[in-house]
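Colleague: Below is coords_33.txt; it holds compact mmCIF, C-alpha atoms.
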```txt
# COMPACT_ATOMS: atom_id res chain seq x y z
CA MET A 20 100.13 64.90 124.89
CA VAL A 21 100.01 62.48 121.95
CA ARG A 22 100.92 64.15 118.66
CA ARG A 23 98.38 64.04 115.81
CA LEU A 24 99.55 63.80 112.21
CA VAL A 25 97.64 63.78 108.93
CA VAL A 26 98.85 61.74 105.97
CA GLU A 27 97.57 62.84 102.55
CA ALA A 28 98.37 60.28 99.84
CA ASP A 29 97.61 59.77 96.17
CA GLY A 30 98.85 57.91 93.14
CA GLY A 31 98.18 57.93 89.44
CA SER A 32 98.78 55.86 86.33
CA ARG A 33 98.72 57.30 82.83
CA GLY A 34 97.15 54.34 81.10
CA ASN A 35 96.10 52.12 84.03
CA PRO A 36 98.37 50.28 83.85
CA GLY A 37 100.86 52.77 82.51
CA PRO A 38 103.62 55.13 83.64
CA ALA A 39 102.77 55.78 87.29
CA GLY A 40 103.82 57.69 90.36
CA TYR A 41 102.72 58.49 93.87
CA GLY A 42 102.74 61.47 96.20
CA ALA A 43 102.31 61.84 99.95
CA VAL A 44 102.23 64.77 102.38
CA VAL A 45 102.47 64.65 106.18
CA ARG A 46 100.94 67.57 108.08
CA ASP A 47 100.62 68.58 111.69
CA ALA A 48 96.92 68.03 112.44
CA GLY A 49 96.61 71.16 114.52
CA THR A 50 98.39 73.71 112.37
CA GLY A 51 98.24 72.16 108.91
CA LEU A 52 101.99 72.73 108.58
CA VAL A 53 103.66 70.43 106.04
CA LEU A 54 106.26 68.32 107.84
CA ALA A 55 107.28 65.93 105.06
CA GLU A 56 106.65 65.15 101.42
CA ARG A 57 107.34 61.98 99.48
CA ALA A 58 106.94 61.16 95.79
CA ASP A 59 108.43 58.71 93.35
CA TYR A 60 108.09 57.34 89.85
CA LEU A 61 107.01 53.67 89.81
CA GLY A 62 107.37 52.63 86.20
CA VAL A 63 104.39 50.87 84.64
CA VAL A 64 101.81 49.84 87.27
CA SER A 65 98.08 50.28 87.87
CA ASN A 66 96.42 53.30 89.40
CA ASN A 67 95.45 51.40 92.57
CA VAL A 68 98.98 50.09 93.10
CA ALA A 69 100.24 53.67 92.78
CA GLU A 70 97.69 54.85 95.37
CA TYR A 71 98.72 52.13 97.82
CA SER A 72 102.38 53.00 97.22
CA GLY A 73 101.63 56.61 98.16
CA LEU A 74 99.91 55.43 101.34
CA VAL A 75 102.90 53.29 102.36
CA ALA A 76 105.34 56.14 101.71
CA GLY A 77 103.20 58.62 103.65
CA LEU A 78 102.89 56.30 106.65
CA ARG A 79 106.65 55.68 106.70
CA ALA A 80 107.30 59.42 106.65
CA ALA A 81 104.79 60.04 109.47
CA LEU A 82 106.25 57.29 111.66
CA ALA A 83 109.74 58.69 111.09
CA ILE A 84 108.53 62.00 112.52
CA ASP A 85 106.80 60.44 115.56
CA PRO A 86 106.31 56.67 115.93
CA ALA A 87 103.75 57.26 118.71
CA ALA A 88 101.62 59.80 116.83
CA ARG A 89 97.91 59.33 116.25
CA LEU A 90 97.37 59.18 112.50
CA GLU A 91 94.61 60.21 110.13
CA VAL A 92 94.92 59.18 106.48
CA ARG A 93 93.12 61.25 103.86
CA MET A 94 92.84 59.93 100.30
CA ASP A 95 90.49 60.48 97.37
CA SER A 96 90.58 56.75 96.60
CA GLN A 97 87.45 55.27 98.12
CA LEU A 98 88.76 51.84 97.19
CA VAL A 99 91.90 52.13 99.33
CA ILE A 100 90.07 53.78 102.23
CA GLU A 101 87.33 51.13 102.36
CA GLN A 102 89.81 48.28 101.97
CA MET A 103 91.93 49.58 104.83
CA ARG A 104 88.81 50.00 106.96
CA GLY A 105 88.15 46.34 106.28
CA THR A 106 84.77 46.90 104.62
CA TRP A 107 85.91 45.93 101.10
CA ARG A 108 87.88 42.86 100.07
CA ILE A 109 91.32 43.11 98.44
CA LYS A 110 91.48 40.83 95.41
CA HIS A 111 94.56 41.98 93.48
CA GLU A 112 97.82 40.31 94.55
CA ASP A 113 99.98 43.45 94.29
CA MET A 114 97.44 45.42 96.32
CA ARG A 115 97.29 42.66 98.96
CA ARG A 116 101.07 42.82 99.25
CA LEU A 117 100.99 46.59 99.74
CA ALA A 118 98.08 46.35 102.18
CA ASP A 119 100.12 43.84 104.21
CA GLU A 120 102.97 46.35 104.21
CA VAL A 121 100.57 48.99 105.58
CA ARG A 122 99.53 46.58 108.36
CA SER A 123 103.17 45.92 109.19
CA LEU A 124 103.59 49.64 109.80
CA VAL A 125 100.36 50.46 111.67
CA ASP A 126 97.33 48.77 113.14
CA PRO A 127 94.55 49.91 110.76
CA ALA A 128 92.13 49.98 113.68
CA THR A 129 94.15 52.78 115.31
CA VAL A 130 94.14 54.97 112.18
CA VAL A 131 91.34 57.30 111.11
CA TRP A 132 90.64 56.57 107.44
CA THR A 133 89.02 59.53 105.69
CA TRP A 134 87.86 59.74 102.09
CA VAL A 135 88.12 63.28 100.66
CA PRO A 136 87.13 64.73 97.27
CA ARG A 137 89.99 64.91 94.80
CA ALA A 138 90.05 68.70 94.99
CA GLN A 139 90.94 68.39 98.69
CA ASN A 140 93.86 66.07 97.95
CA ALA A 141 95.60 68.44 95.55
CA ALA A 142 98.99 68.53 97.29
CA ALA A 143 99.54 64.77 97.09
CA ASP A 144 98.12 64.70 93.57
CA ARG A 145 100.56 67.40 92.39
CA LEU A 146 103.48 65.48 93.88
CA ALA A 147 102.41 62.28 92.12
CA ASN A 148 102.20 64.10 88.79
CA LEU A 149 105.53 65.81 89.36
CA ALA A 150 107.16 62.44 90.02
CA MET A 151 105.64 61.08 86.79
CA ASP A 152 106.74 64.15 84.82
CA GLN A 153 110.31 64.17 86.15
CA LYS A 154 110.66 60.40 86.70
CA THR A 155 112.41 61.09 89.99
CA ALA A 156 112.01 60.70 93.74
CA ILE A 157 111.14 63.63 96.03
CA VAL A 158 111.95 63.42 99.72
CA THR A 159 111.58 66.59 101.80
CA ASP A 160 111.31 67.13 105.53
CA ALA A 161 110.73 70.28 107.55
CA GLY A 162 114.06 71.92 108.22
CA ALA A 163 116.00 69.35 106.18
CA PRO A 164 117.58 69.53 102.72
CA ASP A 165 115.76 67.99 99.76
CA VAL A 166 117.35 64.62 99.03
CA ASP A 167 116.39 61.41 97.34
CA PRO A 168 117.08 57.99 98.88
CA ALA A 169 120.49 57.86 97.16
CA GLY A 170 121.49 61.21 98.63
CA ALA A 171 121.22 63.29 95.45
CA GLY A 172 119.51 66.67 95.50
CA VAL A 173 116.02 66.82 94.00
CA ALA A 174 113.22 69.29 93.43
CA ALA A 175 112.04 71.67 96.15
CA ALA A 176 109.27 70.58 98.49
CA GLU A 177 106.53 72.65 96.89
CA PRO A 178 105.99 71.16 93.43
CA ALA A 179 106.57 73.55 90.59
CA ARG A 180 103.79 74.12 88.12
CA ALA A 181 104.37 72.59 84.72
CA PRO A 182 105.96 75.12 82.34
CA ARG A 183 103.79 76.98 79.87
CA PRO A 184 103.39 74.52 77.02
CA SER A 185 104.30 74.94 73.39
CA GLY A 186 101.65 77.02 71.66
CA ALA A 187 100.67 79.02 74.75
CA GLY A 188 100.40 82.77 74.50
CA VAL A 189 103.62 84.72 75.11
CA ARG A 190 103.79 86.44 78.50
CA PHE A 191 106.59 88.28 80.30
CA ASP A 192 105.37 87.84 83.87
CA GLU A 193 104.50 85.02 86.25
CA GLU A 194 100.81 85.88 86.68
CA GLN A 195 98.54 82.86 86.95
CA PRO A 196 95.07 83.34 85.44
CA VAL A 197 91.69 82.02 86.42
CA THR A 198 91.04 79.13 84.06
CA VAL A 199 87.45 78.61 82.98
CA VAL A 200 86.53 75.19 81.62
CA LEU A 201 83.39 75.62 79.53
CA VAL A 202 81.34 72.43 79.18
CA ARG A 203 78.22 72.25 77.06
CA HIS A 204 75.45 70.04 78.44
CA GLY A 205 74.80 66.61 76.94
CA GLU A 206 72.24 65.78 74.29
CA THR A 207 68.48 66.34 74.77
CA THR A 208 65.44 65.68 72.60
CA MET A 209 65.68 69.28 71.41
CA THR A 210 69.29 68.73 70.39
CA VAL A 211 68.15 65.85 68.19
CA SER A 212 65.20 67.74 66.69
CA ARG A 213 67.42 70.83 66.18
CA GLY A 214 64.91 73.05 67.92
CA TYR A 215 65.87 76.37 69.51
CA SER A 216 65.96 75.55 73.23
CA GLY A 217 66.76 78.62 75.28
CA SER A 218 66.30 80.04 78.76
CA GLY A 219 62.61 80.72 78.27
CA GLU A 220 61.75 77.35 79.82
CA PRO A 221 63.73 75.06 82.16
CA GLY A 222 63.59 71.82 80.16
CA PRO A 223 64.18 69.51 78.47
CA PRO A 224 66.34 67.05 80.46
CA LEU A 225 69.20 65.00 79.09
CA ASN A 226 68.28 61.91 77.11
CA ASP A 227 70.08 58.61 77.73
CA HIS A 228 72.81 59.44 75.23
CA GLY A 229 73.20 62.86 76.81
CA VAL A 230 73.77 61.28 80.22
CA ARG A 231 76.54 59.13 78.75
CA GLN A 232 78.03 62.19 77.10
CA ALA A 233 77.99 64.05 80.41
CA HIS A 234 79.88 61.22 82.09
CA ALA A 235 82.45 61.27 79.27
CA ALA A 236 82.87 65.03 79.72
CA ALA A 237 83.29 64.52 83.48
CA ASP A 238 86.06 62.00 82.84
CA LEU A 239 87.86 64.50 80.60
CA VAL A 240 87.47 67.39 83.06
CA ASP A 241 88.80 65.17 85.86
CA ARG A 242 92.07 64.79 83.91
CA ILE A 243 92.74 68.54 83.80
CA GLY A 244 95.85 69.35 85.79
CA ARG A 245 96.65 65.65 86.03
CA ASP A 246 97.57 64.07 82.71
CA VAL A 247 96.15 66.68 80.30
CA TRP A 248 96.77 70.46 80.38
CA GLY A 249 99.34 69.93 83.12
CA ASP A 250 100.02 73.65 83.54
CA ILE A 251 96.41 74.20 84.66
CA GLN A 252 95.18 73.80 88.23
CA TYR A 253 92.81 70.91 88.98
CA PRO A 254 89.23 72.28 89.14
CA SER A 255 88.11 73.68 92.49
CA GLU A 256 84.62 74.94 91.60
CA VAL A 257 81.68 73.91 89.41
CA ILE A 258 79.06 76.40 88.19
CA ALA A 259 76.01 75.49 86.10
CA SER A 260 73.30 77.38 84.30
CA PRO A 261 69.87 76.91 85.96
CA MET A 262 68.46 74.92 83.01
CA VAL A 263 67.56 71.28 83.73
CA ARG A 264 70.06 69.89 81.22
CA THR A 265 72.97 71.93 82.59
CA GLN A 266 72.07 71.12 86.19
CA GLN A 267 72.10 67.41 85.32
CA THR A 268 75.43 67.69 83.51
CA GLY A 269 76.87 69.80 86.31
CA ARG A 270 75.87 67.27 88.96
CA ILE A 271 77.57 64.45 87.03
CA ILE A 272 80.75 66.52 86.74
CA GLY A 273 80.56 67.66 90.36
CA GLU A 274 80.20 64.10 91.60
CA ARG A 275 83.21 63.05 89.54
CA LEU A 276 85.32 65.88 90.98
CA GLY A 277 83.91 65.67 94.51
CA LEU A 278 82.64 69.28 94.33
CA PRO A 279 79.26 70.97 94.91
CA VAL A 280 77.54 72.75 92.02
CA ARG A 281 76.70 76.45 92.22
CA THR A 282 73.94 77.85 89.99
CA ASP A 283 74.45 81.12 88.12
CA ALA A 284 71.91 82.42 85.60
CA VAL A 285 74.51 84.65 83.96
CA PHE A 286 75.66 81.54 82.04
CA GLN A 287 72.18 80.42 80.95
CA GLU A 288 71.31 80.01 77.29
CA ALA A 289 70.06 82.83 75.09
CA ASN A 290 66.40 83.71 75.49
CA PHE A 291 64.86 82.86 72.13
CA GLY A 292 61.54 84.50 72.98
CA GLU A 293 58.78 83.40 70.63
CA TRP A 294 61.22 81.18 68.75
CA GLN A 295 61.50 78.86 71.76
CA GLY A 296 61.05 75.21 70.78
CA LEU A 297 60.86 75.90 67.04
CA THR A 298 63.20 74.58 64.35
CA ALA A 299 65.00 76.86 61.93
CA GLU A 300 62.52 75.94 59.21
CA GLU A 301 59.56 76.82 61.42
CA ILE A 302 61.10 80.15 62.43
CA GLU A 303 61.82 81.04 58.80
CA GLU A 304 58.26 80.18 57.85
CA ARG A 305 56.73 82.42 60.55
CA TRP A 306 59.33 85.21 60.58
CA PRO A 307 60.81 85.25 57.08
CA GLY A 308 64.32 86.65 56.81
CA GLN A 309 64.86 87.25 60.55
CA LEU A 310 66.75 84.15 61.72
CA GLU A 311 69.92 84.56 59.68
CA PRO A 312 70.44 88.22 60.76
CA TRP A 313 70.04 87.16 64.40
CA HIS A 314 73.09 84.94 64.00
CA THR A 315 75.16 87.40 61.96
CA LYS A 316 74.18 90.86 63.25
CA ALA A 317 74.76 91.83 66.85
CA ASP A 318 71.60 93.82 67.55
CA VAL A 319 68.81 91.67 66.04
CA ARG A 320 66.42 90.19 68.62
CA PRO A 321 63.88 87.38 68.35
CA PRO A 322 60.42 88.63 69.38
CA GLY A 323 60.61 88.78 73.17
CA GLY A 324 64.17 87.41 73.24
CA GLU A 325 67.85 88.40 73.41
CA SER A 326 70.24 89.57 70.72
CA ILE A 327 73.62 87.93 70.32
CA ALA A 328 75.25 91.12 71.63
CA GLU A 329 73.08 91.01 74.75
CA VAL A 330 74.08 87.40 75.40
CA GLY A 331 77.71 88.47 75.03
CA GLU A 332 77.38 91.31 77.53
CA ARG A 333 75.73 89.00 80.05
CA VAL A 334 78.39 86.33 79.70
CA ARG A 335 81.15 88.97 79.81
CA ARG A 336 79.85 90.10 83.21
CA GLY A 337 80.01 86.53 84.47
CA LEU A 338 83.58 86.07 83.23
CA ASP A 339 84.65 89.39 84.75
CA GLU A 340 83.25 88.27 88.12
CA LEU A 341 85.35 85.11 87.91
CA ARG A 342 88.41 87.17 86.91
CA ALA A 343 87.92 89.58 89.81
CA ALA A 344 87.68 86.73 92.33
CA GLY A 345 91.35 85.87 91.78
CA GLY A 346 93.57 83.69 89.61
CA ASP A 347 95.59 80.52 90.02
CA ARG A 348 92.44 78.39 90.09
CA THR A 349 90.21 76.49 87.69
CA VAL A 350 86.44 76.88 87.49
CA VAL A 351 84.17 74.58 85.49
CA VAL A 352 81.17 76.33 83.91
CA VAL A 353 78.43 74.12 82.46
CA SER A 354 76.53 76.13 79.89
CA HIS A 355 75.00 76.12 76.39
CA ALA A 356 76.01 76.46 72.75
CA VAL A 357 75.21 80.15 72.21
CA SER A 358 76.52 81.22 75.62
CA ILE A 359 79.77 79.26 75.18
CA ARG A 360 80.22 80.81 71.73
CA ALA A 361 79.76 84.19 73.38
CA ALA A 362 82.35 83.38 76.06
CA LEU A 363 84.86 82.29 73.42
CA GLY A 364 84.08 85.27 71.21
CA VAL A 365 84.41 87.78 74.06
CA THR A 366 87.69 86.20 75.16
CA MET A 367 89.32 86.49 71.73
CA GLY A 368 87.81 89.90 70.97
CA ALA A 369 85.83 88.71 67.96
CA GLN A 370 82.78 90.54 66.67
CA PRO A 371 79.42 88.98 67.70
CA SER A 372 78.55 88.57 64.02
CA SER A 373 81.28 85.91 63.74
CA TRP A 374 80.45 83.86 66.86
CA SER A 375 78.06 81.56 64.99
CA GLN A 376 81.08 80.15 63.14
CA LEU A 377 82.22 78.43 66.34
CA ARG A 378 81.04 74.83 66.62
CA VAL A 379 80.14 73.76 70.17
CA ALA A 380 79.19 70.07 70.29
CA PRO A 381 77.13 68.49 73.10
CA ALA A 382 79.33 67.75 76.14
CA SER A 383 82.29 69.42 74.44
CA VAL A 384 84.99 71.11 76.54
CA SER A 385 86.49 74.52 75.78
CA ILE A 386 89.07 76.28 77.94
CA ILE A 387 89.66 80.00 78.37
CA ARG A 388 92.27 81.60 80.62
CA LEU A 389 91.52 85.05 82.01
CA PHE A 390 94.35 87.38 83.08
CA THR A 391 93.97 90.68 84.93
CA ASP A 392 95.49 92.60 82.01
CA ARG A 393 92.86 90.99 79.69
CA ARG A 394 95.51 89.47 77.44
CA ASP A 395 93.43 86.31 77.67
CA GLU A 396 93.92 83.05 75.83
CA ILE A 397 91.94 80.08 74.60
CA ALA A 398 93.28 76.54 74.99
CA VAL A 399 92.03 74.21 72.28
CA ALA A 400 90.12 71.39 73.97
CA GLY A 401 87.76 68.84 72.48
CA ALA A 402 84.53 66.91 72.48
CA PRO A 403 84.38 63.49 74.15
CA SER A 404 81.06 62.70 72.52
CA GLU A 405 79.37 62.10 69.20
CA GLY A 406 76.71 64.27 67.64
CA TRP A 407 76.41 68.03 67.78
CA SER A 408 73.96 70.84 67.34
CA THR A 409 74.23 74.56 66.80
CA ARG A 410 71.56 75.43 69.38
CA GLY A 411 70.60 74.93 73.01
```
Represent the structure from my file as structure tokens, please.
Modeller:
Amino acid sequence: MVRRLVVEADGGSRGNPGPAGYGAVVRDAGTGLVLAERADYLGVVSNNVAEYSGLVAGLRAALAIDPAARLEVRMDSQLVIEQMRGTWRIKHEDMRRLADEVRSLVDPATVVWTWVPRAQNAAADRLANLAMDQKTAIVTDAGAPDVDPAGAGVAAAEPARAPRPSGAGVRFDEEQPVTVVLVRHGETTMTVSRGYSGSGEPGPPLNDHGVRQAHAAADLVDRIGRDVWGDIQYPSEVIASPMVRTQQTGRIIGERLGLPVRTDAVFQEANFGEWQGLTAEEIEERWPGQLEPWHTKADVRPPGGESIAEVGERVRRGLDELRAAGGDRTVVVVSHAVSIRAALGVTMGAQPSSWSQLRVAPASVSIIRLFTDRRDEIAVAGAPSEGWSTRG
């Protein structure tokens, strides 16, 4: 019987071009068992050259295991996959050279070329990042010692997670939390008008600037676990509030990560009741003296709406569900200003009356890490966009 092997390959460049590396994993197609791993630091090259380099290394490792095996290549680079299928032209000279090297190893027509979402190529991605971090080669084979091409010992086959960075909370165990990446939706017309846009109605949608902001946020989230926040797992799940603006933002992020989007109303915006759609000035005119206490006192409700404390309890339930589902993973939650403030406030144990002091810009990214012992932490993130609002 002809043996079937799967080659998973990836490459990355921190700057494109910039410091680059590749990673490749060879698995038995039937069992999924890892048979070989390859990774190396390439110096300064482009992202695509690094991806092709990973492909070449993975094919060489697979052929060393069984030259007659039937091969499937899985990569999250649609460019490389389509070029090796012959459907896209190869224009760059360095990529043509590497593609020729691939053809010298295998007949592309005999290989199954499969594009996979980035989240499904995590093993090769981790190896590529480890090679870039350590600037070293990794060569491991099932049942063989870990050696580099020169014969020196190198890191173990399973890449180690990056160490806890400077500034991280002090812990005395090896527990890995569930990381929650909180992303506020992009700008809408209500963001611009500074109206209170809550969960009482599904709209409005993102405006053109908001769509661009959402794409910028997606680019930032896609770097998590790669070249920013290296001690955090690459995202494996995307959740969005049911509002139109969060669903749009979530889809943009999901497409960038190659992940579906799950809807969960627990992360929807506060219900502003009769204040829905009104500006602060209009609310103050109709309900004098009630708006400021809603922001600064936990139990004040808009007519027909939610108090800040109630939003916090709802969001806390959602975070506890994510915590209970297990750690060592990263979940992206696309939500709203008040709800994200509540998530941050709950995580750091702050009183609801102080949550309004947290600024949450459109398409901004905030990171919380939830441990089973509730000694949680917040990782300072950022906003990839311009403009901000305190509501919606």
Colleague: Contacts of segment 125-129 of chain A at 10 Å or less, counting all atoms listed in the file, minus same-chain residues fewer than 6 places along, as number ranges by chain?
Modeller: A: 78-79, 82, 86, 89-91, 103-105, 118-119
Colleague: Do a neighbour search on Leu61 of chain A at 9 Å with all atoms listed in the file, toss out local chain neighbours closer than 2 positions, and write the hits as an mmCIF file with C-alpha atoms, in the coordinates of the input.
Modeller:
```
data_model
loop_
_atom_site.group_PDB
_atom_site.id
_atom_site.type_symbol
_atom_site.label_atom_id
_atom_site.label_comp_id
_atom_site.auth_asym_id
_atom_site.auth_seq_id
_atom_site.Cartn_x
_atom_site.Cartn_y
_atom_site.Cartn_z
ATOM 1 C CA PRO A 38 103.620 55.130 83.640
ATOM 2 C CA ALA A 39 102.770 55.780 87.290
ATOM 3 C CA GLY A 40 103.820 57.690 90.360
ATOM 4 C CA TYR A 41 102.720 58.490 93.870
ATOM 5 C CA ASP A 59 108.430 58.710 93.350
ATOM 6 C CA VAL A 63 104.390 50.870 84.640
ATOM 7 C CA VAL A 64 101.810 49.840 87.270
ATOM 8 C CA ALA A 69 100.240 53.670 92.780
ATOM 9 C CA SER A 72 102.380 53.000 97.220
ATOM 10 C CA ALA A 150 107.160 62.440 90.020
ATOM 11 C CA MET A 151 105.640 61.080 86.790
ATOM 12 C CA LYS A 154 110.660 60.400 86.700
#
```
Colleague: Could you tell me, as a list in words, which residues have any atom at most 8 Å from (78.4, 73.1, 91.2), counting only C-alpha atoms?
Modeller: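 Neighbouring residues, ordered by chain and number, come to Glu256, Val257, Ile258, Ala259, Gly269, Arg270, Gly273, Leu278, Pro279, Val280, Arg281 and Thr282 of chain A.
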Colleague: How many Å separate atom CA of Trp294 of chain A from atom CA of Gly324 of chain A?
Modeller: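 Atom-to-atom, atom CA of Trp294 of chain A to atom CA of Gly324 of chain A, that is 8.2 Å.
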Colleague: In terms of the shortest atom-to-atom distance over only C-alpha atoms, which of A:Val200, A:Ile397, A:Ala43, A:Val319 is closest to Ala156 of chain A?
Modeller: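 Nearest to Ala156 of chain A: A:Ala43.
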Colleague: Mind pulling up the distance from atom CA of Tyr215 of chain A to atom CA of Ser375 of chain A?
Modeller: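 Atom CA of Ser375 of chain A sits 14.0 Å away from atom CA of Tyr215 of chain A.
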Colleague: Between atom CA of Arg333 of chain A and atom CA of Val285 of chain A, what distance in Å does the model show, to one decimal?
Modeller: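 These two atoms are separated by 6.0 Å.
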Colleague: For segment 46-58 of chain A, work out the shell of residues within 7 Å, counting all atoms listed in the file and skipping chain neighbours fewer than 4 positions away, then give it as a list of chain:residue names.
Modeller: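 These residues fall inside the cut-off: A:Arg23, A:Leu24, A:Val25, A:Val26, A:Tyr41, A:Gly42, A:Ala76, A:Gly77, A:Ala80, A:Leu146, A:Ala147, A:Ala150, A:Ala156, A:Ile157, A:Val158, A:Thr159, A:Asp160, A:Ala161, A:Ala176.
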Colleague: Quick one: everything within 9 Å of Ala237 of chain A, counting only C-alpha atoms, minus sequence neighbours fewer than 6 positions away in the same chain. Send it as a list in words.
Modeller: Thr268, Gly269, Ile271, Ile272, Gly273, Glu274, Arg275, Leu276 and Ala382 of chain A
Colleague: I want to know what sits within 8 Å of Gln295 of chain A, based on only C-alpha atoms, with residues of the same chain fewer than 4 positions away left out; could you give that as a ChimeraX atom specification?
Modeller: /A:214-217,219,290-291
Colleague: Nearest residue to Ile386 of chain A out of A:Gly337, A:Pro36, A:Gly30, A:Pro254, using only C-alpha atoms?
Modeller: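 When distances to Ile386 of chain A are compared using only C-alpha atoms, the smallest one comes from A:Pro254.
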